[in-house]
Structure formats: C-alpha cells, structure tokens
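Text of the file work_2.cif, holding mmCIF, C-alpha atoms:
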data_entry
#
loop_
_atom_site.label_atom_id
_atom_site.label_comp_id
_atom_site.auth_asym_id
_atom_site.auth_seq_id
_atom_site.Cartn_x
_atom_site.Cartn_y
_atom_site.Cartn_z
CA SER A 1 -16.72 5.19 -14.36
CA THR A 2 -17.41 7.18 -11.18
CA ALA A 3 -18.39 10.21 -13.26
CA LEU A 4 -20.78 8.21 -15.45
CA SER A 5 -22.29 6.53 -12.39
CA TYR A 6 -22.83 9.86 -10.64
CA LEU A 7 -24.26 11.74 -13.61
CA SER A 8 -26.50 9.00 -15.01
CA CYS A 9 -29.58 7.23 -13.70
CA MET A 10 -27.93 3.81 -14.04
CA GLY A 11 -25.49 4.04 -11.11
CA PRO A 12 -23.37 0.88 -10.60
CA VAL A 13 -25.13 -0.82 -13.53
CA ILE A 14 -23.14 1.38 -15.89
CA ALA A 15 -20.14 2.15 -13.66
CA GLU A 16 -18.81 -1.39 -13.27
CA PRO A 17 -18.89 -2.41 -16.97
CA VAL A 18 -17.30 0.92 -17.92
CA LYS A 19 -14.59 0.44 -15.29
CA ILE A 20 -13.64 -2.90 -16.85
CA ALA A 21 -13.97 -1.64 -20.41
CA LEU A 22 -11.51 1.19 -19.75
CA LEU A 23 -8.72 -1.24 -18.87
CA PRO A 24 -6.02 -1.05 -21.56
CA THR A 25 -6.31 -4.48 -23.19
CA LYS A 26 -8.82 -7.26 -23.58
CA GLU A 27 -6.52 -9.74 -21.79
CA ILE A 28 -6.25 -7.48 -18.74
CA SER A 29 -10.00 -6.90 -18.78
CA ASN A 30 -10.75 -10.63 -18.83
CA LYS A 31 -8.35 -11.36 -15.96
CA SER A 32 -9.22 -8.31 -13.88
CA ALA A 33 -13.01 -8.30 -14.20
CA PRO A 34 -13.71 -10.59 -11.17
CA ALA A 35 -11.17 -8.73 -9.00
CA THR A 36 -12.54 -5.34 -10.02
CA LEU A 37 -16.11 -6.36 -9.26
CA ALA A 38 -15.02 -8.07 -6.01
CA GLU A 39 -13.35 -4.84 -4.86
CA THR A 40 -16.63 -3.00 -5.44
CA VAL A 41 -18.58 -5.62 -3.48
CA ILE A 42 -16.09 -5.44 -0.57
CA TYR A 43 -16.34 -1.65 -0.57
CA TRP A 44 -20.13 -1.86 -0.42
CA PHE A 45 -19.84 -4.38 2.40
CA THR A 46 -17.64 -2.06 4.49
CA SER A 47 -20.03 0.78 3.69
CA VAL A 48 -22.96 -1.27 4.99
CA LEU A 49 -20.97 -2.22 8.11
CA LEU A 50 -20.37 1.44 8.83
CA GLY A 51 -24.06 2.12 8.26
CA ILE A 52 -25.04 -0.53 10.82
CA LEU A 53 -22.53 0.90 13.29
CA GLY A 54 -24.02 4.35 12.73
CA ILE A 55 -27.55 3.07 13.31
CA LEU A 56 -26.50 1.49 16.61
CA ALA A 57 -24.74 4.71 17.63
CA GLY A 58 -27.82 6.72 16.71
CA ALA A 59 -30.08 4.40 18.71
CA ILE A 60 -27.89 4.97 21.78
CA ILE A 61 -28.03 8.74 21.37
CA ILE A 62 -31.78 9.12 20.86
CA SER A 63 -32.72 6.14 23.10
CA GLY A 64 -34.33 4.15 20.29
CA SER A 65 -37.10 6.69 19.73
CA GLY A 66 -36.36 7.37 16.09
CA SER A 67 -38.24 5.11 13.69
CA PRO A 68 -36.19 6.33 10.68
CA LEU A 69 -33.19 4.67 12.29
CA TRP A 70 -34.85 1.27 12.30
CA ILE A 71 -35.92 1.67 8.68
CA CYS A 72 -32.32 2.49 7.76
CA GLY A 73 -31.13 -0.44 9.89
CA ALA A 74 -33.42 -2.86 8.05
CA LEU A 75 -32.06 -1.54 4.75
CA PHE A 76 -28.45 -2.05 5.84
CA PHE A 77 -29.02 -5.54 7.24
CA SER A 78 -30.79 -6.59 4.02
CA ALA A 79 -27.90 -5.24 1.96
CA MET A 80 -25.34 -7.01 4.16
CA PHE A 81 -27.17 -10.32 3.72
CA LEU A 82 -27.18 -9.94 -0.07
CA LEU A 83 -23.49 -8.98 -0.19
CA ALA A 84 -22.24 -11.65 2.23
CA SER A 85 -24.20 -14.54 0.74
CA GLN A 86 -22.12 -17.12 -1.15
CA LYS A 87 -25.09 -18.20 -3.25
CA PRO A 88 -25.44 -16.30 -6.53
CA LEU A 89 -28.62 -14.28 -6.86
CA LEU A 90 -28.72 -14.83 -10.61
CA GLY A 91 -28.68 -18.58 -9.92
CA ARG A 92 -31.97 -18.25 -8.07
CA ILE A 93 -33.46 -16.46 -11.06
CA LYS A 94 -32.20 -19.25 -13.30
CA THR A 95 -33.85 -21.78 -10.98
CA PHE A 96 -37.12 -19.92 -11.45
CA PHE A 97 -36.80 -20.35 -15.22
CA ALA A 98 -36.09 -24.07 -14.75
CA ARG A 99 -39.17 -24.55 -12.57
CA SER A 100 -41.34 -22.75 -15.09
CA LYS A 101 -39.92 -25.05 -17.80
CA HIS A 102 -38.42 -22.12 -19.72
CA THR A 103 -34.85 -21.88 -20.97
CA ALA A 104 -32.81 -19.27 -19.13
CA PRO A 105 -31.36 -16.60 -21.46
CA ASN A 106 -27.69 -16.85 -22.35
CA TRP A 107 -26.80 -13.56 -20.62
CA LEU A 108 -28.25 -14.90 -17.38
CA ARG A 109 -26.10 -18.03 -17.45
CA LYS A 110 -22.95 -16.03 -18.19
CA GLY A 111 -23.90 -13.47 -15.57
CA GLU A 112 -24.24 -16.24 -13.00
CA ASP A 113 -20.75 -17.48 -13.87
CA VAL A 114 -19.31 -14.00 -13.31
CA GLU A 115 -21.21 -13.63 -10.04
CA ILE A 116 -19.88 -16.98 -8.78
CA ARG A 117 -16.31 -15.88 -9.53
CA VAL A 118 -16.88 -12.56 -7.75
CA ARG A 119 -18.49 -14.12 -4.65
CA SER A 120 -15.79 -16.77 -4.40
CA PHE A 121 -12.99 -14.22 -4.76
CA ARG A 122 -12.37 -13.92 -1.02
CA SER A 123 -12.05 -17.71 -0.63
CA ARG A 124 -9.75 -18.01 -3.66
CA HIS A 125 -7.60 -14.99 -2.74
CA PRO A 126 -7.99 -14.50 1.03
CA LYS A 127 -4.89 -12.31 1.50
CA VAL A 128 -5.82 -9.95 -1.32
CA ALA A 129 -9.41 -9.75 -0.10
CA CYS A 130 -8.15 -8.96 3.41
CA ARG A 131 -5.97 -6.11 2.11
CA ILE A 132 -8.87 -4.68 0.13
CA PHE A 133 -11.12 -4.96 3.17
CA LEU A 134 -8.64 -3.07 5.38
CA LEU A 135 -8.13 -0.35 2.78
CA ASP A 136 -11.88 0.07 2.41
CA LEU A 137 -12.25 0.32 6.19
CA VAL A 138 -9.74 3.17 6.16
CA SER A 139 -11.76 4.79 3.39
CA GLN A 140 -14.95 4.53 5.45
CA PHE A 141 -13.20 6.08 8.46
CA LEU A 142 -12.02 9.01 6.33
CA MET A 143 -15.57 9.59 5.10
CA VAL A 144 -16.78 9.89 8.70
CA MET A 145 -13.92 12.27 9.44
CA GLU A 146 -15.06 14.33 6.45
CA VAL A 147 -18.30 14.98 8.37
CA PHE A 148 -16.23 16.06 11.39
CA VAL A 149 -14.09 18.44 9.32
CA VAL A 150 -17.07 20.11 7.64
CA LEU A 151 -18.98 20.54 10.91
CA LYS A 152 -15.84 21.84 12.60
CA ALA A 153 -15.34 24.34 9.80
CA ILE A 154 -18.79 25.85 10.37
CA GLY A 155 -18.30 26.01 14.12
CA LEU A 156 -20.01 22.81 15.32
CA THR A 157 -18.35 20.21 17.51
CA THR A 158 -19.95 16.87 18.30
CA ASP A 159 -18.91 13.39 19.45
CA TYR A 160 -18.07 10.44 17.25
CA LEU A 161 -21.38 8.64 17.86
CA VAL A 162 -23.27 11.56 16.33
CA LEU A 163 -20.89 11.60 13.38
CA LEU A 164 -21.56 7.90 12.79
CA GLY A 165 -25.31 8.44 13.02
CA ILE A 166 -25.29 11.33 10.54
CA GLU A 167 -23.19 9.34 8.09
CA ALA A 168 -25.45 6.29 8.40
CA VAL A 169 -28.67 8.18 7.71
CA SER A 170 -27.08 10.11 4.83
CA ARG A 171 -25.74 6.87 3.38
CA ALA A 172 -29.13 5.17 3.54
CA SER A 173 -30.64 8.01 1.53
CA LYS A 174 -27.90 7.61 -1.08
CA ILE A 175 -28.57 3.88 -1.42
CA VAL A 176 -32.28 4.29 -2.12
CA SER A 177 -31.61 7.17 -4.54
CA ALA A 178 -28.87 5.57 -6.64
CA TRP A 179 -31.14 5.85 -9.70
CA VAL A 180 -31.40 9.68 -9.41
CA PRO A 181 -28.84 11.42 -11.69
CA GLY A 182 -26.41 13.27 -9.45
CA ARG A 183 -28.70 12.46 -6.51
CA VAL A 184 -30.04 15.97 -7.00
CA GLY A 185 -31.98 17.06 -3.93
CA VAL A 186 -31.60 13.68 -2.23
CA ASP A 187 -28.15 14.29 -0.73
CA GLU A 188 -29.28 17.64 0.60
CA SER A 189 -32.53 16.38 2.13
CA GLY A 190 -30.81 13.29 3.58
CA ALA A 191 -28.05 15.31 5.28
CA VAL A 192 -30.52 17.92 6.56
CA ALA A 193 -32.79 15.19 7.98
CA ALA A 194 -29.80 13.42 9.57
CA CYS A 195 -28.61 16.58 11.35
CA ALA A 196 -32.13 17.44 12.49
CA LEU A 197 -32.63 13.90 13.81
CA PHE A 198 -29.58 14.23 16.06
CA GLY A 199 -30.43 17.69 17.32
CA LEU A 200 -28.08 19.73 15.12
CA ASN A 201 -28.95 22.78 13.06
CA PRO A 202 -30.38 21.52 9.72
CA ALA A 203 -28.26 24.16 7.97
CA ALA A 204 -25.23 22.12 9.01
CA GLY A 205 -26.58 19.21 6.93
CA LEU A 206 -26.99 21.52 3.95
CA ALA A 207 -23.39 22.70 4.32
CA LEU A 208 -22.22 19.09 4.52
CA SER A 209 -24.12 18.03 1.40
CA ILE A 210 -22.92 21.06 -0.61
CA SER A 211 -19.28 20.41 0.32
CA ARG A 212 -19.63 16.76 -0.66
CA ARG A 213 -21.36 17.65 -3.90
CA ALA A 214 -18.48 19.99 -4.75
CA ARG A 215 -16.05 17.13 -4.12
CA ASP A 216 -18.08 14.70 -6.23
CA LEU A 217 -18.33 17.15 -9.12
CA LEU A 218 -14.58 17.77 -9.02
CA TRP A 219 -14.03 14.01 -9.31
CA CYS A 220 -16.50 13.87 -12.19
CA VAL A 221 -14.74 16.70 -14.03
CA ALA A 222 -11.37 15.01 -13.50
CA GLY A 223 -12.72 11.68 -14.74
CA LEU A 224 -14.38 13.14 -17.83
CA ILE A 225 -11.25 15.12 -18.73
CA TRP A 226 -9.20 11.95 -18.42
CA LEU A 227 -11.72 10.05 -20.52
CA SER A 228 -11.68 12.68 -23.27
CA ARG A 229 -7.88 12.83 -23.33
CA SER A 230 -7.21 9.15 -22.78
CA ARG A 231 -4.71 7.50 -25.07
CA PHE A 232 -6.45 4.16 -24.85
CA ARG A 233 -7.56 2.99 -28.24
CA ARG A 234 -11.30 2.92 -28.68
CA PRO A 235 -11.36 -0.53 -30.36
CA LYS A 236 -9.72 -2.14 -27.35
CA SER A 237 -12.20 -0.57 -24.98
CA SER A 238 -15.03 -1.62 -27.26
CA GLU A 239 -13.75 -5.18 -27.39
CA ALA A 240 -13.59 -5.32 -23.60
CA MET A 241 -17.11 -4.03 -23.29
CA MET A 242 -18.39 -6.51 -25.86
CA GLN A 243 -16.60 -9.34 -24.10
CA LEU A 244 -18.24 -8.38 -20.80
CA CYS A 245 -21.66 -8.10 -22.43
CA ASP A 246 -21.23 -11.47 -24.14
#
Could I get this structure in the form of structure tokens?
Amino acid sequence: STALSYLSCMGPVIAEPVKIALLPTKEISNKSAPATLAETVIYWFTSVLLGILGILAGAIIISGSGSPLWICGALFFSAMFLLASQKPLLGRIKTFFARSKHTAPNWLRKGEDVEIRVRSFRSRHPKVACRIFLLDLVSQFLMVMEVFVVLKAIGLTTDYLVLLGIEAVSRASKIVSAWVPGRVGVDESGAVAACALFGLNPAAGLALSISRRARDLLWCVAGLIWLSRSRFRRPKSSEAMMQLCD
C-alpha cells in the first residue's frame, strides 16, 4: 500500500483501501478496517504535532521573520483541527444534501459510518490508541534523527531546533504535494528551501532529499516484490476490496 501510494497520484486515497484489501480474509478485513484507518489518522496527527513543534522552533531561530513558516503553521493547525474533530466530515456533506432536498448517495452514508467508527476509535479503545500514539511519536522522533544523521554524514552539525524546523518545512511540502506521483521534484525543492531558510547550504537539502528518496524507493521495491510473490488468494483480496467499496 505504501508503494502504490508513493508511485501513484492518489496517495492515501488508494493506500488505505489497498492496505485493508491485502489482509488475508474478509472477516479480518471487516474487523480490522476501523483500527487500520485509525492508526493512519493517529500517525498523521503525530506528524502534524511534530510539524507545529518545528514551526515554533523555526520561529524562535529566525525571530519570526519568515513568512513561509506561518503559511506552514496555518496548514498544520488546519490539519490538526480536521484530524482531532469528533464530528465526521462526511456527515457535514450529507447535511448539505439534506438541506438541498437531495438524497445523499449510498456510498456517502456508508462512508460516514466508517468515519464515525474511526473517529470514535480512541474513545472505544483508549489503551490501544495510547500505545499507537506513543509508537507513532517514536517514529516521528526517528524521522527527525534521520535529518541529523544525513547532515552529520555530509559534515554539517546543527542543533535540534534547526532539525525540527527543516523537518517541518519539508513535511509541509509533502502534504501539499501528495497528489504528485513519487513527489518528483517536490521533495528536493522542499528540502533545499528548508535548509536555505535556516541558513544551511542548500546542497545539504538536496543530499537529504536524495537519501530519503532512496529509502522510499527501497520500501517500494520491497512492497511490490512482496505483492507479486504474495500467497494471498486474489479472490479474498477482491472480496475485501468490494466490501470496503460497498
């Protein structure tokens, strides 16, 4: 699912249904769909939290003089509001249909039901949601340390606030370019701009983006090899996908 998300222009729109469809049986898919989607939402939430932290760190470093930081901050705060809200977004669309005296399509009603189950996951399973949240926080920390390792490897040393700022700006560029297959050119320009914004050599941003692209492509190759050699029966995967679409 990660490989298909990275290489296509659909991003999470295709990644999440594929992730559920690749589960071995229809019963597991039906039971695991809300948890799988909730894990993705929690990961995005921790990612946005890190982005906000990075924007604050960047504002301290450059004394609030960088307007790109505030644009990125507005993006992160908007995303956090959408992710943290308990009210389903699809429900608001359904309300619009009701006000216009039109019948909401069947897929919208079923989509709202799935969204309600996903958004209520943390209240129904607080301990599990807490574990996922902590694991995702560790993941976010490791991604920041990845920036440190790459910069260290090319002979640059900087403090943690700069690392947070670079990661935040790079992450904002990834969010707005999720529809670009492979984020070709966007990762590079975002990392270069982030390093330049914080007074580092722009070539360091290029080195960072190339190293991350190599890592992403390795994951894609591994995922596609697994997919081509998977022993899961195609009918079961198809049934799961049809169930999700229905």
Residues within 12 Å of region 213-229 of chain A, please, as a PyMOL selection string. Count all atoms listed in the file; anything in the same chain fewer than 2 positions from it doesn't count.
chain A and resi 1-8+18-19+21-23+143+146+182-188+191+206-211+231-234+237
Could you work out how far CA of Leu164 (chain A) lies from CA of Val144 (chain A), giving the answer in Å with one decimal?
6.6 Å
Measuring atom to atom with only C-alpha atoms, identify which of A:Gly205, A:Val169, A:Ala153, A:Val41 is nearest to Trp70 (chain A).
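Among the listed residues, A:Val169 lies closest to Trp70 (chain A).
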Exercise: Arg117 (chain A) partners within 9 Å, all atoms listed in the file, chain neighbours under 5 positions left out, as a ChimeraX atom specification:
/A:34-35,38,112
Any chance you could work out the residue set of the PyMOL selection byres ((chain A and resi 197) around 12) here, as a VMD selection string?
chain A and resid 55 58 to 59 61 to 62 64 to 69 162 to 163 165 to 170 189 to 196 198 to 202 205
What does the structure give for the distance between CA of Val128 (chain A) and CA of Ser32 (chain A), in Å to one decimal?
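Those two atoms sit 13.1 Å apart.
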Which residue gives the smallest distance to Gln140 (chain A) among A:Leu53, A:Val114, A:Ala79, A:Ile71, with all atoms listed in the file counted?
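Once distances to Gln140 (chain A) are computed over all atoms listed in the file, the minimum belongs to A:Leu53.
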Nearest residue to Val180 (chain A) out of A:His125, A:Pro12, A:Ser120, A:Ile20, using all atoms listed in the file?
A:Pro12
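Between Thr46 (chain A) and the residues A:Ile132, A:Glu115, A:Ala84, A:Leu137, the shortest atom-to-atom distance, using all atoms listed in the file, involves A:Leu137.
Compared by their closest atoms to Val48 (chain A), and using only C-alpha atoms, the residues A:Ala203, A:Leu142, A:Ala172, A:Ile60 rank with A:Ala172 nearest.
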